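my_file-v7.csv follows; it contains CSV, C-alpha atoms and all ligand atoms.
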chain,number,residue,atom,x,y,z
A,1,MET,CA,86.8,113.8,115.6
A,2,ALA,CA,89.9,115.5,116.9
A,3,LEU,CA,92.3,116.8,114.2
A,4,ILE,CA,96.0,116.0,114.6
A,5,LEU,CA,98.9,117.5,112.7
A,6,ALA,CA,102.1,115.4,112.9
A,7,VAL,CA,105.6,116.1,111.5
A,8,GLU,CA,108.5,113.6,110.9
A,9,THR,CA,112.1,114.7,110.4
A,10,SER,CA,114.1,111.9,112.0
A,11,CYS,CA,116.3,111.0,108.9
A,12,ASP,CA,116.1,112.1,105.3
A,13,GLU,CA,112.3,112.3,104.7
A,14,THR,CA,110.6,115.6,105.5
A,15,ALA,CA,107.0,114.7,106.2
A,16,ALA,CA,103.7,116.1,107.6
A,17,ALA,CA,100.3,114.5,108.0
A,18,VAL,CA,96.8,115.5,109.1
A,19,LEU,CA,94.6,112.9,110.8
A,20,SER,CA,91.0,112.9,112.0
A,21,GLY,CA,91.2,110.7,115.1
A,22,CYS,CA,92.8,107.3,114.7
A,23,GLY,CA,90.9,106.4,111.6
A,24,GLY,CA,90.9,109.2,109.1
A,25,LEU,CA,94.0,110.1,107.1
A,26,LEU,CA,93.2,113.5,105.6
A,27,ALA,CA,96.7,114.2,104.2
A,28,SER,CA,100.2,112.7,104.2
A,29,GLU,CA,103.0,114.6,102.5
A,30,VAL,CA,106.4,113.1,102.2
A,31,TRP,CA,109.4,114.7,100.6
A,32,SER,CA,112.4,112.4,100.3
A,33,GLN,CA,115.8,114.0,100.3
A,34,ALA,CA,117.4,110.8,99.1
A,35,SER,CA,118.7,112.3,95.9
A,36,LEU,CA,120.5,115.0,97.8
A,37,HIS,CA,122.4,112.4,99.8
A,38,ALA,CA,122.9,109.8,97.1
A,39,GLY,CA,126.2,111.4,96.0
A,40,TYR,CA,127.6,110.8,99.5
A,41,GLY,CA,126.5,107.2,99.7
A,42,GLY,CA,124.5,107.8,102.8
A,43,VAL,CA,122.6,110.5,104.8
A,44,VAL,CA,124.7,113.5,105.8
A,45,PRO,CA,123.1,114.8,109.0
A,46,GLU,CA,123.8,118.5,108.4
A,47,VAL,CA,122.5,118.4,104.9
A,48,ALA,CA,119.4,116.6,106.2
A,49,SER,CA,118.7,119.2,109.0
A,50,ARG,CA,119.2,122.2,106.7
A,51,ASN,CA,116.8,120.8,104.1
A,52,HIS,CA,114.2,119.9,106.8
A,53,LEU,CA,114.4,123.5,108.0
A,54,ALA,CA,113.9,124.9,104.5
A,55,ALA,CA,111.2,122.4,103.4
A,56,LEU,CA,109.1,121.8,106.5
A,57,PRO,CA,106.9,125.0,106.3
A,58,GLN,CA,105.9,124.1,102.7
A,59,ILE,CA,105.3,120.5,103.5
A,60,VAL,CA,103.1,121.5,106.5
A,61,ARG,CA,101.2,124.0,104.4
A,62,ALA,CA,100.7,121.4,101.7
A,63,ALA,CA,99.3,118.9,104.2
A,64,LEU,CA,96.9,121.4,105.7
A,65,LYS,CA,95.7,122.4,102.2
A,66,ARG,CA,95.2,118.8,101.1
A,67,ALA,CA,93.3,118.1,104.4
A,68,ASN,CA,91.2,121.3,103.8
A,69,ALA,CA,92.0,122.4,107.3
A,70,THR,CA,93.6,125.5,108.9
A,71,ILE,CA,96.0,125.6,111.9
A,72,SER,CA,93.3,126.9,114.2
A,73,GLN,CA,91.2,123.7,113.5
A,74,ILE,CA,94.0,121.4,114.7
A,75,ASP,CA,93.4,119.9,118.2
A,76,ALA,CA,96.9,118.6,118.9
A,77,PHE,CA,100.3,118.7,117.3
A,78,ALA,CA,102.9,115.9,117.3
A,79,ALA,CA,106.5,115.4,116.1
A,80,THR,CA,109.0,112.6,116.2
A,81,SER,CA,111.4,113.0,119.1
A,82,GLY,CA,113.6,110.0,118.3
A,83,PRO,CA,115.3,107.8,117.6
A,84,GLY,CA,117.0,109.5,114.7
A,85,LEU,CA,119.6,112.1,113.8
A,86,PRO,CA,119.7,114.7,116.6
A,87,THR,CA,119.9,117.8,114.5
A,88,ALA,CA,117.2,116.5,112.1
A,89,LEU,CA,114.9,115.7,115.0
A,90,LEU,CA,115.4,119.2,116.5
A,91,VAL,CA,113.9,120.8,113.4
A,92,GLY,CA,110.6,118.8,113.5
A,93,MET,CA,110.3,119.1,117.3
A,94,ALA,CA,110.9,122.9,117.2
A,95,CYS,CA,108.3,123.1,114.4
A,96,GLY,CA,105.7,121.0,116.2
A,97,LYS,CA,106.2,122.9,119.5
A,98,ALA,CA,106.0,126.3,117.8
A,99,LEU,CA,102.8,125.4,116.1
A,100,ALA,CA,101.3,124.1,119.3
A,101,ILE,CA,102.3,127.2,121.3
A,102,GLY,CA,100.9,129.5,118.5
A,103,ALA,CA,97.6,127.6,118.4
A,104,ARG,CA,97.5,127.1,122.2
A,105,ARG,CA,97.1,123.3,121.7
A,106,PRO,CA,98.9,120.3,123.2
A,107,PHE,CA,102.1,119.0,121.8
A,108,LEU,CA,103.0,115.3,121.8
A,109,ALA,CA,106.6,113.9,121.3
A,110,ILE,CA,106.4,110.5,119.5
A,111,ASN,CA,108.8,107.6,119.2
A,112,HIS,CA,109.6,106.8,115.6
A,113,VAL,CA,110.0,103.1,116.2
A,114,GLU,CA,106.5,103.0,117.8
A,115,GLY,CA,105.3,104.8,114.7
A,116,HIS,CA,106.6,101.9,112.5
A,117,LEU,CA,105.5,99.2,115.0
A,118,PHE,CA,101.9,100.2,115.0
A,119,SER,CA,101.6,101.3,111.3
A,120,PRO,CA,100.2,97.9,110.2
A,121,PHE,CA,97.1,98.7,112.3
A,122,PHE,CA,96.7,102.2,111.0
A,123,GLY,CA,93.1,103.4,111.4
A,124,ALA,CA,92.2,101.0,114.2
A,125,GLU,CA,91.1,102.3,117.6
A,126,GLU,CA,92.8,99.4,119.4
A,127,VAL,CA,96.1,97.6,118.6
A,128,PRO,CA,95.5,93.8,118.9
A,129,PRO,CA,97.9,91.5,120.7
A,130,HIS,CA,100.7,90.4,118.4
A,131,VAL,CA,104.4,90.1,117.7
A,132,GLY,CA,105.8,93.0,115.7
A,133,LEU,CA,108.9,93.0,113.6
A,134,VAL,CA,110.3,96.5,112.8
A,135,VAL,CA,112.8,96.4,110.0
A,136,SER,CA,114.1,99.8,108.9
A,137,GLY,CA,117.4,101.5,107.9
A,138,GLY,CA,118.1,102.3,111.6
A,139,HIS,CA,116.4,99.4,113.5
A,140,THR,CA,115.7,95.7,113.6
A,141,LEU,CA,113.5,95.0,116.6
A,142,LEU,CA,111.1,92.2,117.7
A,143,VAL,CA,108.5,93.3,120.1
A,144,ASP,CA,105.7,91.5,121.9
A,145,VAL,CA,102.7,93.7,122.0
A,146,ALA,CA,99.9,92.9,124.5
A,147,ALA,CA,98.1,96.1,123.7
A,148,PHE,CA,99.0,99.7,122.9
A,149,GLY,CA,101.3,100.9,125.6
A,150,GLU,CA,102.1,97.4,126.8
A,151,CYS,CA,105.1,96.3,124.7
A,152,ARG,CA,108.2,94.2,125.5
A,153,VAL,CA,111.2,94.2,123.3
A,154,LEU,CA,112.2,90.6,122.7
A,155,GLY,CA,115.4,91.3,120.8
A,156,SER,CA,117.1,93.7,118.5
A,157,THR,CA,120.2,93.7,116.3
A,158,LEU,CA,123.7,93.5,117.8
A,159,ASP,CA,125.2,95.5,115.0
A,160,ASP,CA,123.7,96.6,111.6
A,161,ALA,CA,120.0,97.0,111.1
A,162,ALA,CA,118.4,94.9,108.2
A,163,GLY,CA,117.9,98.0,106.0
A,164,GLU,CA,121.5,99.1,106.8
A,165,ALA,CA,122.8,95.7,105.6
A,166,PHE,CA,120.9,96.2,102.3
A,167,ASP,CA,122.3,99.7,102.0
A,168,LYS,CA,125.9,98.6,102.8
A,169,VAL,CA,125.8,95.6,100.4
A,170,ALA,CA,124.3,97.8,97.7
A,171,LYS,CA,127.3,100.2,98.2
A,172,LEU,CA,129.8,97.3,98.0
A,173,LEU,CA,128.1,96.3,94.7
A,174,GLY,CA,128.3,99.8,93.4
A,175,LEU,CA,124.5,100.3,93.4
A,176,GLY,CA,122.7,103.5,94.4
A,177,TYR,CA,121.5,104.8,97.8
A,178,PRO,CA,119.2,103.8,99.4
A,179,GLY,CA,120.1,100.3,98.4
A,180,GLY,CA,117.2,98.1,99.4
A,181,VAL,CA,115.0,98.8,96.4
A,182,GLU,CA,117.9,98.3,94.0
A,183,VAL,CA,119.1,95.0,95.6
A,184,GLU,CA,115.5,93.7,95.4
A,185,ARG,CA,115.1,94.8,91.8
A,186,ILE,CA,118.3,93.0,90.7
A,187,ALA,CA,117.7,90.0,92.9
A,188,ARG,CA,114.5,89.2,90.8
A,189,ALA,CA,116.7,87.8,88.0
A,190,GLY,CA,119.0,85.9,90.4
A,191,ASP,CA,119.4,82.5,92.0
A,192,PRO,CA,118.9,82.8,95.8
A,193,ALA,CA,120.7,79.4,96.3
A,194,ARG,CA,123.9,80.3,94.3
A,195,TYR,CA,126.0,81.7,97.1
A,196,ASP,CA,125.8,80.2,100.6
A,197,PHE,CA,125.8,83.3,102.8
A,198,PRO,CA,125.7,83.0,106.6
A,199,ARG,CA,122.4,83.1,108.5
A,200,SER,CA,123.9,84.7,111.6
A,201,MET,CA,122.2,84.0,115.0
A,202,ARG,CA,119.7,81.7,113.3
A,203,HIS,CA,120.2,79.1,116.0
A,204,SER,CA,121.0,81.5,118.9
A,205,GLY,CA,117.8,80.4,120.7
A,206,ASP,CA,116.9,84.1,121.3
A,207,PHE,CA,115.4,86.9,119.3
A,208,ARG,CA,118.6,88.9,118.6
A,209,PHE,CA,119.9,89.5,115.1
A,210,SER,CA,123.3,90.2,113.5
A,211,PHE,CA,123.9,91.3,110.0
A,212,SER,CA,127.4,92.6,109.9
A,213,GLY,CA,128.9,89.1,109.2
A,214,LEU,CA,126.7,88.8,106.2
A,215,LYS,CA,128.0,92.1,104.8
A,216,THR,CA,131.6,90.9,105.4
A,217,ALA,CA,130.8,87.6,103.6
A,218,VAL,CA,129.6,89.5,100.6
A,219,ARG,CA,132.8,91.6,100.6
A,220,TYR,CA,135.1,88.5,100.8
A,221,LEU,CA,133.2,86.9,97.9
A,222,LEU,CA,133.7,90.0,95.8
A,223,ASP,CA,137.4,90.1,96.7
A,224,ARG,CA,137.8,86.5,95.4
A,225,GLY,CA,136.9,87.3,91.8
A,226,PRO,CA,134.0,88.0,89.3
A,227,VAL,CA,130.5,87.2,90.5
A,228,SER,CA,127.0,87.2,89.1
A,229,LEU,CA,125.4,90.4,90.4
A,230,PRO,CA,121.8,89.1,90.4
A,231,ASP,CA,122.8,85.9,92.2
A,232,VAL,CA,124.7,87.9,94.9
A,233,CYS,CA,121.7,90.1,95.4
A,234,ALA,CA,119.2,87.2,95.5
A,235,SER,CA,121.4,85.1,97.8
A,236,PHE,CA,122.1,88.0,100.2
A,237,GLN,CA,118.4,89.0,100.3
A,238,GLU,CA,117.4,85.3,101.0
A,239,ALA,CA,119.8,85.2,103.9
A,240,VAL,CA,118.4,88.4,105.5
A,241,VAL,CA,114.8,87.5,104.9
A,242,GLU,CA,115.0,83.9,106.1
A,243,VAL,CA,116.4,84.9,109.5
A,244,LEU,CA,113.8,87.7,109.9
A,245,VAL,CA,110.9,85.5,109.1
A,246,GLU,CA,112.1,82.5,111.2
A,247,LYS,CA,112.8,84.6,114.3
A,248,THR,CA,109.5,86.4,114.0
A,249,LEU,CA,107.5,83.2,113.8
A,250,SER,CA,109.5,81.6,116.7
A,251,ALA,CA,108.7,84.7,118.8
A,252,ALA,CA,105.0,84.4,118.0
A,253,ALA,CA,105.1,80.8,119.2
A,254,ALA,CA,107.1,81.7,122.3
A,255,CYS,CA,104.7,84.5,123.2
A,256,GLY,CA,101.5,82.5,122.2
A,257,ARG,CA,100.5,85.1,119.6
A,258,GLY,CA,98.4,84.2,116.6
A,259,LEU,CA,99.2,87.4,114.8
A,260,VAL,CA,102.5,88.9,113.5
A,261,ALA,CA,103.0,92.3,112.0
A,262,ILE,CA,106.0,93.5,109.9
A,263,SER,CA,106.7,97.2,109.4
A,264,GLY,CA,109.5,99.7,108.4
A,265,GLY,CA,111.2,100.3,105.1
A,266,VAL,CA,112.4,96.7,104.6
A,267,SER,CA,108.8,95.4,104.9
A,268,ALA,CA,108.4,96.9,101.4
A,269,ASN,CA,110.6,94.0,100.2
A,270,ARG,CA,108.5,91.5,98.2
A,271,ARG,CA,110.6,88.5,99.0
A,272,LEU,CA,110.2,89.2,102.7
A,273,GLN,CA,106.5,89.5,102.3
A,274,GLU,CA,106.3,86.4,100.2
A,275,LEU,CA,108.3,84.2,102.6
A,276,ALA,CA,106.5,85.7,105.7
A,277,ARG,CA,103.1,84.9,104.0
A,278,GLU,CA,104.1,81.4,103.1
A,279,ARG,CA,105.6,80.4,106.5
A,280,SER,CA,103.0,82.1,108.6
A,281,GLY,CA,100.2,80.6,106.5
A,282,ALA,CA,101.7,77.1,107.1
A,283,LEU,CA,101.5,77.7,110.8
A,284,GLY,CA,98.1,79.2,110.8
A,285,ILE,CA,99.4,82.6,112.0
A,286,GLU,CA,97.9,85.8,110.6
A,287,LEU,CA,100.2,88.3,109.0
A,288,ARG,CA,99.7,92.0,108.8
A,289,LEU,CA,101.8,94.5,106.8
A,290,ALA,CA,101.5,98.3,106.9
A,291,PRO,CA,99.8,99.9,103.8
A,292,PRO,CA,102.5,100.5,101.1
A,293,GLU,CA,102.7,104.2,101.6
A,294,LEU,CA,103.3,103.8,105.4
A,295,ARG,CA,106.2,101.3,105.1
A,296,THR,CA,109.0,103.8,104.6
A,297,ASP,CA,109.3,107.0,106.7
A,298,ASN,CA,106.1,109.2,106.9
A,299,ALA,CA,104.3,111.4,109.3
A,300,ALA,CA,101.0,109.5,109.2
A,301,MET,CA,102.3,106.8,111.4
A,302,ILE,CA,103.5,109.4,113.9
A,303,GLY,CA,100.1,111.0,113.9
A,304,TYR,CA,98.5,107.6,114.4
A,305,VAL,CA,100.5,107.0,117.6
A,306,ALA,CA,99.6,110.6,118.7
A,307,ALA,CA,95.9,109.8,118.1
A,308,LEU,CA,96.1,106.6,120.1
A,309,GLN,CA,97.7,108.5,122.9
A,310,ARG,CA,95.1,111.3,122.8
A,311,ALA,CA,92.3,108.7,122.9
A,312,ARG,CA,93.9,107.4,126.1
A,313,GLY,CA,94.1,110.9,127.7
A,314,VAL,CA,97.8,111.6,127.2
A,315,ALA,CA,98.1,115.3,127.7
A,316,GLY,CA,101.4,116.0,125.9
A,317,CYS,CA,104.4,118.0,127.0
A,318,LEU,CA,106.1,121.1,125.7
A,319,ASP,CA,109.3,120.3,127.6
A,320,ALA,CA,110.0,117.1,125.7
A,321,ASP,CA,113.6,116.7,124.5
A,322,VAL,CA,114.9,114.9,121.5
A,323,LEU,CA,115.9,111.2,122.2
A,324,PRO,CA,118.4,110.3,119.4
A,325,SER,CA,118.9,106.7,120.7
A,326,ILE,CA,116.3,104.1,121.5
A,327,ASP,CA,116.0,103.0,125.1
A,328,LEU,CA,115.0,99.3,124.8
A,329,GLU,CA,114.1,99.0,128.5
A,330,ALA,CA,111.7,102.1,128.3
A,331,PHE,CA,110.3,101.2,124.9
A,332,GLY,CA,106.6,100.5,125.0
A,333,ARG,CA,106.1,102.2,128.3
A,334,LEU,CA,106.6,105.5,126.5
A,335,THR,CA,103.0,105.4,125.3
A,336,ALA,CA,101.7,104.8,128.8
A,337,GLY,CA,103.2,107.9,130.2
A,338,VAL,CA,100.6,110.7,130.6
B,1,LIG,O1,111.7,102.9,107.6
B,1,LIG,P1,112.7,103.6,106.7
B,1,LIG,O2,112.1,104.5,105.6
B,1,LIG,O3,113.7,104.5,107.5
B,1,LIG,C1,114.2,104.3,108.7
B,1,LIG,O4,113.5,104.5,109.8
B,1,LIG,O5,115.4,103.8,108.7
B,1,LIG,O6,113.6,102.5,106.1
B,1,LIG,C2,114.6,102.7,105.1
B,1,LIG,C3,115.3,101.5,104.8
B,1,LIG,C4,116.6,101.6,104.0
B,1,LIG,O7,117.6,101.0,104.6
B,1,LIG,C5,116.2,101.0,102.7
B,1,LIG,O8,117.2,100.4,101.9
B,1,LIG,C6,115.2,99.9,103.1
B,1,LIG,O9,114.5,100.5,104.2
B,1,LIG,N1,114.3,99.5,102.1
B,1,LIG,C7,114.3,98.2,101.6
B,1,LIG,C8,113.3,98.2,100.5
B,1,LIG,N2,112.7,99.4,100.5
B,1,LIG,C9,113.3,100.2,101.4
B,1,LIG,N3,115.0,97.1,101.8
B,1,LIG,C10,114.8,96.0,101.1
B,1,LIG,N4,113.9,95.9,100.1
B,1,LIG,C11,113.1,97.0,99.8
B,1,LIG,N5,112.2,96.9,98.8
B,2,ZN,ZN,111.8,104.8,109.9
Would you mind writing the file out in structure tokens?
Ligand code: KG4
Ligand code: ZN
Amino acid sequence: MALILAVETSCDETAAAVLSGCGGLLASEVWSQASLHAGYGGVVPEVASRNHLAALPQIVRAALKRANATISQIDAFAATSGPGLPTALLVGMACGKALAIGARRPFLAINHVEGHLFSPFFGAEEVPPHVGLVVSGGHTLLVDVAAFGECRVLGSTLDDAAGEAFDKVAKLLGLGYPGGVEVERIARAGDPARYDFPRSMRHSGDFRFSFSGLKTAVRYLLDRGPVSLPDVCASFQEAVVEVLVEKTLSAAAACGRGLVAISGGVSANRRLQELARERSGALGIELRLAPPELRTDNAAMIGYVAALQRARGVAGCLDADVLPSIDLEAFGRLTAGV
């Protein structure tokens, strides 16, 4: 089985993974820089890139050691080319290319959102037809997937991503960064029906999202006087999760898919999982989530896309540039390009 080494540096996680074909995860090292950025209330791009530069050699060495492999045994190298912070992406891309040149092996540039999108199927040689919801700090995207390399973006967010909304509301409430986990923790003791926050775009009749109005509604509520923190967290979380689940299931019906998959950092949210399970179960639609360690940023999901590409004869390209923004029109055709 071909060995693949993948690196991921699109935001504030420095990660490397070694895979044996599509199925075997031999190592997945993730170093989160979150504590370095927490004091700023968000990721500082230059701090992220400098730390990727300093940490990546150690992370790659640790992944190889855990996989019990040497550079010369690696058959192909991969790195995230975007979307993400340009200077952070450059570090991982330069590292992946340098390793590939040194080892005289191919280099594959991988789309981060595709990494998330296919992560619920990690290990499988084929990606089954489904509707995928990617919910992370940077993206909220509904995608109809006929097969690997045959995707169509159904809709995305008009403003904030779902994870970004969690992070911004956490900041308004004086909670730490990243905010999603904190909001979820506090929401457990709260009443989700206490505050009636807007469900933006719920009846828009399409698959687009908007979360900035919800964040503003939380700010207005806080300006009006004292609130119950657990009730605000629970009501806010419910508003986000309800729209995500409803739109995903309507998309499945519209596309005639009996399977939905949810991925990205926000898919770690238990209330999202619970509501998705309940509503999809009622409709007889199967639900797939990524394994817990593949929900937030990691290099294993990048290696998996690279392995799927290699299995389909994608040769790779040392000329690949970083692509900081997502091109919704081109998305999904990326994997088909040899
Ligand atoms: O996928 P990810 O690691 O990075 C991006 O590609 O953006 O996602 C990070 C996002 C952050 O916004 C974080 O607050 C959110 O995922 N997140 C959560 C939870 N865990 C992480 N949001 C809600 N509930 C959670 N349990
Ligand atoms: Zn991500």
Checklist entry - Do you know which residues are within 9 Å of ligand LIG 1 (chain B) using only C-alpha atoms and all ligand atoms? Can you write them as number ranges by chain? => result A: 10-13, 83-84, 112-113, 116, 134-139, 161-168, 170, 177-185, 237, 263-272, 294-298
Checklist entry - Which is closest to ligand ZN 2 (chain B) among A:Ser204, A:Ser228, A:Thr80, A:Gln73, if we use all atoms listed in the file? => result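 Looking only at the distances to ligand ZN 2 (chain B), the closest residue turns out to be A:Thr80.
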Next on the checklist: Set the distance at 8 Å and use only C-alpha atoms: which residues neighbour range 61-66 of chain A once local chain neighbours fewer than 6 positions away are removed? I'd like the list as a PyMOL selection string.
Outcome noted: chain A and resi 16-18+26-29
Checklist entry - With distances taken over only C-alpha atoms and all ligand atoms, which of A:Pro226, A:Ala98, A:Asn111, A:Gln33 is nearest to ligand ZN 2 (chain B)? => result A:Asn111
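Put simply, CA of Lys247 in chain A is 25.4 Å away from CA of Glu293 in chain A.
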Next on the checklist: If we count only C-alpha atoms and set the cut-off at 7 Å, which residues sit around Leu5 in chain A, ignoring sequence neighbours fewer than 6 positions away in its own chain? Please answer as a PyMOL selection string.
Outcome noted: chain A and resi 17-19+74+76-78+303
Checklist entry - Out of A:Leu3, A:Val143, A:Val314, A:Met301, which residue has the shortest atom-to-atom distance to ligand ZN 2 (chain B) when counting only C-alpha atoms and all ligand atoms? => result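 Smallest separation from ligand ZN 2 (chain B) among the options: A:Met301.
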Item to check | Nearby residues (all atoms listed in the file) at most 12 Å from Ala307 in chain A, same-chain spacing under 5 positions excluded, as a PyMOL selection string | outcome: chain A and resi 1-6+17-25+75-78+107-110+115+118+122-126+148+300-302+312-316+335
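The two atoms in question, CA of Val245 in chain A and CA of Arg279 in chain A, are spaced 7.8 Å apart.
The closest residue to ligand ZN 2 (chain B), picked from A:Leu173, A:Ala330, A:Leu141, A:Val218 and counting all atoms listed in the file, is A:Leu141.
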Checklist entry - Can you tell me how far CA of Glu278 in chain A sits from CA of Leu244 in chain A, in Å to one decimal? => result 13.4 Å
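Among A:Thr140, A:Ser280, A:Ser325, A:Ser250, the residue with the shortest atom-to-atom distance to Ser81 in chain A, counting only C-alpha atoms, is A:Ser325.
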Neighbouring residues of Arg152 in chain A were defined as those with any atom within 9 Å, considering all atoms listed in the file; residues of the same chain fewer than 2 positions away were excluded. Please report them as a PDB file with C-alpha atoms, in the frame of the given file.
ATOM      1  CA  LEU A 142     111.100  92.200 117.700  1.00  0.00           C
ATOM      2  CA  VAL A 143     108.500  93.300 120.100  1.00  0.00           C
ATOM      3  CA  ASP A 144     105.700  91.500 121.900  1.00  0.00           C
ATOM      4  CA  VAL A 145     102.700  93.700 122.000  1.00  0.00           C
ATOM      5  CA  ALA A 146      99.900  92.900 124.500  1.00  0.00           C
ATOM      6  CA  GLU A 150     102.100  97.400 126.800  1.00  0.00           C
ATOM      7  CA  LEU A 154     112.200  90.600 122.700  1.00  0.00           C
ATOM      8  CA  LEU A 328     115.000  99.300 124.800  1.00  0.00           C
ATOM      9  CA  GLU A 329     114.100  99.000 128.500  1.00  0.00           C
ATOM     10  CA  PHE A 331     110.300 101.200 124.900  1.00  0.00           C
ATOM     11  CA  GLY A 332     106.600 100.500 125.000  1.00  0.00           C
ATOM     12  CA  ARG A 333     106.100 102.200 128.300  1.00  0.00           C
TER      13      ARG A 333
END
Next on the checklist: Here is a test: counting only C-alpha atoms, which residue of A:Ile186, A:Val43, A:Leu221, A:Leu214 is nearest to Arg199 in chain A?
Outcome noted: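 Among A:Ile186, A:Val43, A:Leu221, A:Leu214, it is A:Leu214 that comes nearest to Arg199 in chain A.
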Checklist entry - Hey, what's within 10 Å of Glu286 in chain A if we count only C-alpha atoms and toss same-chain stuff fewer than 3 positions away? As a ChimeraX atom specification, please? => result /A:130,257-261,276-277,280-281,283
